[in-house]
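Novice: Quick one, start_30.tsv (TSV, C-alpha atoms and all ligand atoms):
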```
chain	number	residue	atom	x	y	z
V	1	MET	CA	0.00	0.00	0.00
V	2	ALA	CA	1.40	3.41	-0.94
V	3	GLY	CA	1.30	6.49	1.22
V	4	ALA	CA	3.04	8.31	4.00
V	5	ARG	CA	2.88	7.81	7.71
V	6	SER	CA	1.64	10.50	9.99
V	7	VAL	CA	2.42	11.14	13.60
V	8	CYS	CA	-0.44	10.48	15.94
V	9	PRO	CA	0.06	13.15	18.59
V	10	ALA	CA	-1.23	11.20	21.54
V	11	ALA	CA	0.69	8.09	20.61
V	12	TYR	CA	3.54	9.54	22.56
V	13	ALA	CA	1.68	10.28	25.74
V	14	GLY	CA	4.01	9.16	28.50
V	15	PRO	CA	3.08	7.59	31.78
V	16	VAL	CA	0.72	9.89	33.63
V	17	SER	CA	-0.12	8.01	36.76
V	18	SER	CA	-0.37	4.42	37.90
V	19	GLY	CA	-1.20	1.54	35.56
V	20	GLU	CA	1.85	1.48	33.35
V	21	HIS	CA	0.29	-1.03	30.93
V	22	TYR	CA	-2.20	1.65	29.97
V	23	PHE	CA	0.43	3.96	28.57
V	24	SER	CA	3.57	1.99	27.98
V	25	ASP	CA	5.12	1.54	24.58
V	26	ARG	CA	7.76	-0.74	26.06
V	27	PRO	CA	7.39	-4.47	25.52
V	28	HIS	CA	6.96	-6.73	28.52
V	29	GLU	CA	9.26	-9.50	27.46
V	30	SER	CA	8.20	-11.94	30.13
V	31	ALA	CA	4.64	-10.85	30.76
V	32	PRO	CA	2.75	-13.92	31.94
V	33	ARG	CA	-0.16	-14.97	29.73
V	34	ARG	CA	-3.49	-16.34	30.81
V	35	THR	CA	-6.41	-17.75	28.92
V	36	LEU	CA	-9.79	-16.15	29.16
V	37	PRO	CA	-13.08	-17.72	28.07
V	38	VAL	CA	-15.25	-15.01	26.55
V	39	SER	CA	-18.29	-14.60	24.35
V	40	LEU	CA	-17.69	-12.48	21.23
V	41	ALA	CA	-20.09	-12.00	18.32
V	42	GLY	CA	-22.25	-14.82	19.69
V	43	ARG	CA	-19.33	-17.25	19.84
V	44	GLU	CA	-17.82	-18.79	22.95
V	45	VAL	CA	-14.07	-18.51	22.49
V	46	GLU	CA	-10.93	-18.87	24.57
V	47	LEU	CA	-8.46	-16.05	24.17
V	48	VAL	CA	-5.11	-15.11	25.61
V	49	THR	CA	-4.62	-12.06	27.83
V	50	SER	CA	-2.20	-10.74	30.41
V	51	GLY	CA	-2.29	-8.73	33.61
V	52	HIS	CA	-0.08	-6.18	31.82
V	53	VAL	CA	-2.83	-4.99	29.49
V	54	PHE	CA	-6.11	-3.23	30.14
V	55	SER	CA	-8.74	-5.50	31.73
V	56	GLY	CA	-6.65	-8.61	31.24
V	57	ASP	CA	-8.82	-10.69	33.54
V	58	ARG	CA	-12.23	-10.06	31.98
V	59	LEU	CA	-14.15	-8.40	29.21
V	60	ASP	CA	-14.34	-4.81	30.48
V	61	LEU	CA	-17.81	-3.65	31.48
V	62	GLY	CA	-17.60	-0.56	29.25
V	63	THR	CA	-16.53	-2.72	26.33
V	64	ARG	CA	-19.53	-4.97	27.00
V	65	VAL	CA	-21.86	-1.96	27.01
V	66	LEU	CA	-20.41	-0.79	23.69
V	67	LEU	CA	-20.77	-4.25	22.15
V	68	ARG	CA	-24.38	-4.41	23.32
V	69	ASP	CA	-25.37	-1.02	21.89
V	70	VAL	CA	-23.34	-0.63	18.73
V	71	PRO	CA	-24.94	-1.38	15.33
V	72	ALA	CA	-23.44	-4.11	13.18
V	73	PRO	CA	-20.39	-2.91	11.28
V	74	PRO	CA	-20.45	-2.60	7.49
V	75	PRO	CA	-19.53	-5.78	5.61
V	76	SER	CA	-16.56	-4.21	3.86
V	77	GLY	CA	-14.17	-1.29	4.04
V	78	ASP	CA	-11.61	-0.32	6.65
V	79	LEU	CA	-12.74	-0.62	10.26
V	80	LEU	CA	-10.73	0.64	13.22
V	81	ASP	CA	-10.44	-0.45	16.83
V	82	LEU	CA	-8.67	2.49	18.46
V	83	GLY	CA	-6.79	1.20	21.54
V	84	CYS	CA	-7.31	-2.53	20.99
V	85	GLY	CA	-5.95	-3.94	24.26
V	86	TRP	CA	-6.10	-7.74	23.97
V	87	GLY	CA	-8.54	-7.29	21.10
V	88	PRO	CA	-12.21	-7.75	22.04
V	89	LEU	CA	-13.49	-4.97	19.77
V	90	ALA	CA	-11.21	-5.69	16.81
V	91	LEU	CA	-11.96	-9.41	16.99
V	92	THR	CA	-15.70	-8.76	17.13
V	93	LEU	CA	-15.46	-6.44	14.11
V	94	ALA	CA	-13.53	-9.11	12.22
V	95	LEU	CA	-15.94	-11.89	13.18
V	96	LEU	CA	-18.98	-9.84	12.17
V	97	SER	CA	-17.45	-8.44	8.97
V	98	PRO	CA	-15.15	-11.05	7.45
V	99	GLY	CA	-15.09	-9.06	4.21
V	100	ALA	CA	-13.72	-5.92	5.89
V	101	ARG	CA	-10.17	-4.96	6.81
V	102	VAL	CA	-9.94	-4.47	10.55
V	103	TRP	CA	-7.18	-2.28	11.92
V	104	ALA	CA	-6.33	-2.85	15.57
V	105	VAL	CA	-4.07	-0.14	16.94
V	106	ASP	CA	-2.52	0.26	20.36
V	107	VAL	CA	0.58	1.95	21.75
V	108	ASN	CA	1.23	-1.06	23.97
V	109	PRO	CA	3.25	-3.72	22.09
V	110	LEU	CA	2.03	-6.46	24.39
V	111	ALA	CA	-1.58	-5.50	23.62
V	112	ARG	CA	-0.77	-5.73	19.91
V	113	GLU	CA	0.93	-9.07	20.41
V	114	LEU	CA	-2.10	-10.47	22.25
V	115	THR	CA	-4.57	-9.16	19.69
V	116	ALA	CA	-2.55	-10.69	16.87
V	117	GLU	CA	-2.33	-13.99	18.73
V	118	ASN	CA	-6.07	-13.92	19.42
V	119	ALA	CA	-6.87	-13.20	15.79
V	120	GLY	CA	-4.76	-16.26	14.93
V	121	ARG	CA	-6.60	-18.38	17.48
V	122	LEU	CA	-9.90	-17.44	15.85
V	123	GLY	CA	-8.55	-18.04	12.36
V	124	LEU	CA	-9.17	-14.41	11.41
V	125	ARG	CA	-7.16	-13.24	8.43
V	126	ASN	CA	-8.71	-9.79	8.15
V	127	VAL	CA	-7.17	-8.20	11.25
V	128	ARG	CA	-4.18	-5.92	10.88
V	129	VAL	CA	-2.57	-5.22	14.24
V	130	ILE	CA	-0.34	-2.20	14.13
V	131	ALA	CA	1.17	0.66	16.15
V	132	PRO	CA	-0.80	3.89	15.71
V	133	GLN	CA	1.98	5.71	13.90
V	134	GLU	CA	2.30	2.85	11.40
V	135	VAL	CA	-1.16	3.40	9.89
V	136	LEU	CA	-0.71	4.96	6.49
V	137	ASP	CA	-2.18	8.41	5.95
V	138	ASP	CA	-4.40	7.42	3.05
V	139	VAL	CA	-6.45	4.87	5.00
V	140	ARG	CA	-10.00	6.09	5.78
V	141	PHE	CA	-12.30	4.25	8.16
V	142	THR	CA	-15.98	3.58	7.61
V	143	THR	CA	-16.32	2.55	11.24
V	144	ILE	CA	-14.36	3.27	14.37
V	145	TRP	CA	-15.07	1.41	17.60
V	146	SER	CA	-13.21	2.48	20.70
V	147	ASN	CA	-13.10	2.16	24.44
V	148	PRO	CA	-10.65	5.07	24.44
V	149	PRO	CA	-7.79	5.59	26.91
V	150	ILE	CA	-9.51	8.23	29.03
V	151	ARG	CA	-6.77	8.18	31.64
V	152	ILE	CA	-4.17	9.65	29.32
V	153	GLY	CA	-5.71	13.02	30.24
V	154	LYS	CA	-8.09	15.39	28.56
V	155	ALA	CA	-5.64	17.16	26.24
V	156	ALA	CA	-4.08	13.91	25.01
V	157	LEU	CA	-7.49	12.30	24.58
V	158	HIS	CA	-8.78	15.24	22.57
V	159	ALA	CA	-5.70	15.14	20.35
V	160	LEU	CA	-6.12	11.40	19.91
V	161	LEU	CA	-9.78	11.65	18.93
V	162	GLU	CA	-9.13	14.61	16.67
V	163	HIS	CA	-6.47	12.62	14.87
V	164	TRP	CA	-8.56	9.49	14.30
V	165	LEU	CA	-12.03	11.00	13.77
V	166	ALA	CA	-10.56	13.06	10.96
V	167	ARG	CA	-9.92	9.75	9.23
V	168	LEU	CA	-13.56	8.69	9.05
V	169	THR	CA	-14.99	8.44	5.56
V	170	ASP	CA	-17.64	11.03	4.69
V	171	ASP	CA	-20.37	8.59	5.68
V	172	GLY	CA	-18.34	6.94	8.43
V	173	HIS	CA	-19.49	6.34	11.98
V	174	ALA	CA	-17.52	6.19	15.22
V	175	TYR	CA	-18.72	4.62	18.46
V	176	LEU	CA	-16.99	5.46	21.73
V	177	VAL	CA	-17.75	4.13	25.18
V	178	VAL	CA	-16.86	6.35	28.12
V	179	GLN	CA	-17.58	6.05	31.80
V	180	ARG	CA	-19.96	8.75	33.02
V	181	HIS	CA	-17.85	9.62	36.03
V	182	LEU	CA	-14.73	9.82	33.85
V	183	GLY	CA	-16.19	12.66	31.82
V	184	ALA	CA	-18.47	11.10	29.17
V	185	ASP	CA	-20.80	14.08	29.12
V	186	SER	CA	-18.09	16.71	28.91
V	187	LEU	CA	-16.40	14.69	26.17
V	188	GLN	CA	-19.69	14.64	24.26
V	189	ALA	CA	-19.99	18.41	24.68
V	190	TRP	CA	-16.41	18.91	23.50
V	191	LEU	CA	-16.99	16.67	20.49
V	192	ALA	CA	-20.22	18.47	19.60
V	193	GLN	CA	-18.51	21.82	19.70
V	194	HIS	CA	-15.43	20.59	17.92
V	195	LEU	CA	-17.22	18.70	15.19
V	196	ALA	CA	-19.45	21.70	14.57
V	197	THR	CA	-16.40	23.79	13.74
V	198	ARG	CA	-15.50	21.18	11.09
V	199	HIS	CA	-11.80	21.71	11.39
V	200	LEU	CA	-10.71	18.20	12.27
V	201	THR	CA	-7.92	17.35	9.92
V	202	ALA	CA	-5.45	14.56	9.47
V	203	PRO	CA	-2.30	15.19	7.45
V	204	HIS	CA	-3.19	15.18	3.74
V	205	ALA	CA	-6.87	14.72	4.60
V	206	ASP	CA	-9.89	16.88	3.94
V	207	PRO	CA	-11.61	18.32	6.98
V	208	LEU	CA	-14.16	15.96	8.53
V	209	PRO	CA	-17.40	17.01	6.85
V	210	ARG	CA	-20.53	17.83	8.86
V	211	HIS	CA	-20.46	15.23	11.58
V	212	GLY	CA	-22.49	15.33	14.75
V	213	VAL	CA	-22.36	13.51	18.03
V	214	ARG	CA	-25.18	11.98	20.05
V	215	ARG	CA	-25.58	9.64	22.96
V	216	LEU	CA	-26.54	6.27	21.53
V	217	GLY	CA	-26.99	4.52	24.83
V	218	SER	CA	-26.30	4.61	28.53
V	219	ALA	CA	-25.94	1.67	30.91
V	220	LYS	CA	-24.08	0.61	34.03
V	221	GLY	CA	-22.43	4.03	34.39
V	222	TYR	CA	-21.22	4.15	30.77
V	223	ARG	CA	-22.29	6.26	27.81
V	224	VAL	CA	-21.99	5.13	24.22
V	225	LEU	CA	-21.37	8.10	21.95
V	226	GLU	CA	-21.95	8.00	18.22
V	227	VAL	CA	-20.16	10.34	15.84
V	228	ARG	CA	-21.92	10.33	12.47
V	229	PRO	CA	-22.52	12.48	9.42
V	230	ALA	CA	-24.91	15.36	10.19
V	231	ARG	CA	-28.31	15.02	8.52
M	301	LIG	C1	-9.64	1.43	27.82
M	301	LIG	S1	-8.42	0.46	27.02
M	301	LIG	C2	-9.44	-0.48	25.89
M	301	LIG	C3	-8.81	-1.80	25.46
M	301	LIG	C4	-9.72	-2.71	24.64
M	301	LIG	N1	-10.21	-2.04	23.45
M	301	LIG	C5	-10.88	-3.21	25.46
M	301	LIG	O1	-12.00	-2.83	25.17
M	301	LIG	O2	-10.63	-4.00	26.39
M	301	LIG	C6	-7.60	1.65	26.02
M	301	LIG	C7	-6.40	1.14	25.24
M	301	LIG	O3	-5.85	2.26	24.53
M	301	LIG	C8	-4.45	2.10	24.48
M	301	LIG	N2	-3.85	3.41	24.20
M	301	LIG	C9	-3.37	4.36	25.06
M	301	LIG	N3	-2.92	5.42	24.41
M	301	LIG	C10	-3.11	5.17	23.09
M	301	LIG	C11	-2.82	5.89	21.90
M	301	LIG	N4	-2.27	7.09	21.94
M	301	LIG	N5	-3.12	5.32	20.72
M	301	LIG	C12	-3.67	4.08	20.66
M	301	LIG	N6	-3.96	3.35	21.76
M	301	LIG	C13	-3.69	3.88	22.95
M	301	LIG	C14	-4.08	1.49	25.81
M	301	LIG	O4	-2.83	0.84	25.75
M	301	LIG	C15	-5.27	0.56	26.05
M	301	LIG	O5	-4.99	-0.73	25.59
```
Written as structure tokens, how would this file's structure read?
Specialist:
Amino acid sequence: MAGARSVCPAAYAGPVSSGEHYFSDRPHESAPRRTLPVSLAGREVELVTSGHVFSGDRLDLGTRVLLRDVPAPPPSGDLLDLGCGWGPLALTLALLSPGARVWAVDVNPLARELTAENAGRLGLRNVRVIAPQEVLDDVRFTTIWSNPPIRIGKAALHALLEHWLARLTDDGHAYLVVQRHLGADSLQAWLAQHLATRHLTAPHADPLPRHGVRRLGSAKGYRVLEVRPAR
């Protein structure tokens, strides 16, 4: 595939507080693995996780809320899981849309390793696991699913979302799950204001055209936000 690589600003967010796995771009050479039985896309599967990645001992509650509320992804095109962890969202996208290319990005190399291994376990050939800065500039996403890394801080999170939402196709949709007490409503307000100004841009990309944000669902202390073309 031709094209240049851009720099994702928040990809370089350093450790901010506790929970190194959440921010680290250093590999954990000897991170112990564990297997985790989990239900994804209506299938009971056994996947591999680690205590050194986000929610390595269970399917995160927010992720479950997102998976419950989100509409089925399109059957083709480029689909993105932003911040893949051990892969539950990327793997679900790939299981539901075998004809699509699924991009699973994470700054944490162990998370990428686990997602790739899990895709292999499920026999999925349509998952591309990659560091954020490795995604070529000319890739546009018809769907983005994300349980975003809220704890990187507001400025880094805004930069991260700005970077990736600018890469939606004109009719693309993004679905984000955010805990209410971690600022879901203020994030929605920021997105609404920001998207209204229509100045989201990725390098070499057109501005994101006329998108809006709405709350798609709310459960168990989480909000699911949908970013979609304005009607
Ligand atoms: C809340 S976790 C979600 C993990 C997984 N999607 C899930 O649902 O279990 C957020 C993930 O974002 C990753 N992350 C942090 N900063 C990032 C960045 N700048 N770009 C991409 N991923 C990032 C973290 O390493 C973490 O795995």
Novice: Taking only C-alpha atoms and all ligand atoms into account, report as a count of residues only which residues have an atom no farther than 6 Å from an atom of ligand LIG 301 (chain M).
Specialist: 23
Novice: Identify, on the basis of only C-alpha atoms, every residue whose closest approach to range 33-50 of chain V does not exceed 7 Å; exclude the query and any residue fewer than 2 positions from it along the same chain; express the result as a list in words.
Specialist: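 Contacts, in chain order: Ala31, His52, Val53, Gly56, Trp86, Thr92, Leu95, Leu96, Leu114 and Asn118 of chain V.
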Novice: Can you tell me, as a short mmCIF file (atom, residue, chain, number, x, y, z; two decimals) with C-alpha atoms, in the coordinates of the input, what residues are no more than 12 Å from Gly172 in chain V when counting only C-alpha atoms, ignoring any on the same chain fewer than 3 positions away?
Specialist:
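Produced file selection21.cif, reproduced below:
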```cif
data_model
loop_
_atom_site.label_atom_id
_atom_site.label_comp_id
_atom_site.auth_asym_id
_atom_site.auth_seq_id
_atom_site.Cartn_x
_atom_site.Cartn_y
_atom_site.Cartn_z
CA PRO V 73 -20.39 -2.91 11.28
CA PRO V 74 -20.45 -2.60 7.49
CA GLY V 77 -14.17 -1.29 4.04
CA ASP V 78 -11.61 -0.32 6.65
CA LEU V 79 -12.74 -0.62 10.26
CA LEU V 80 -10.73 0.64 13.22
CA ARG V 140 -10.00 6.09 5.78
CA PHE V 141 -12.30 4.25 8.16
CA THR V 142 -15.98 3.58 7.61
CA THR V 143 -16.32 2.55 11.24
CA ILE V 144 -14.36 3.27 14.37
CA TRP V 145 -15.07 1.41 17.60
CA TRP V 164 -8.56 9.49 14.30
CA LEU V 165 -12.03 11.00 13.77
CA ALA V 166 -10.56 13.06 10.96
CA ARG V 167 -9.92 9.75 9.23
CA LEU V 168 -13.56 8.69 9.05
CA THR V 169 -14.99 8.44 5.56
CA TYR V 175 -18.72 4.62 18.46
CA LEU V 208 -14.16 15.96 8.53
CA PRO V 209 -17.40 17.01 6.85
CA ARG V 210 -20.53 17.83 8.86
CA HIS V 211 -20.46 15.23 11.58
CA GLY V 212 -22.49 15.33 14.75
CA GLU V 226 -21.95 8.00 18.22
CA VAL V 227 -20.16 10.34 15.84
CA ARG V 228 -21.92 10.33 12.47
CA PRO V 229 -22.52 12.48 9.42
CA ALA V 230 -24.91 15.36 10.19
#
```
Novice: Between CA of Gly217 in chain V and CA of Leu66 in chain V, what is the spacing in Å?
Specialist: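 CA of Gly217 in chain V lies 8.5 Å from CA of Leu66 in chain V.
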Novice: Would you please work out which residue, of V:Ala159, V:Ala94, V:Ala219, V:Leu110, is nearest to Trp190 in chain V when using all atoms listed in the file?
Specialist: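 Checking each candidate against Trp190 in chain V, we get V:Ala159 as the closest.
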Novice: So how many Å separate CA of Val177 in chain V and CA of Ser97 in chain V, to one decimal?
Specialist: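 Spanning CA of Val177 in chain V to CA of Ser97 in chain V is a straight-line distance of 20.5 Å.
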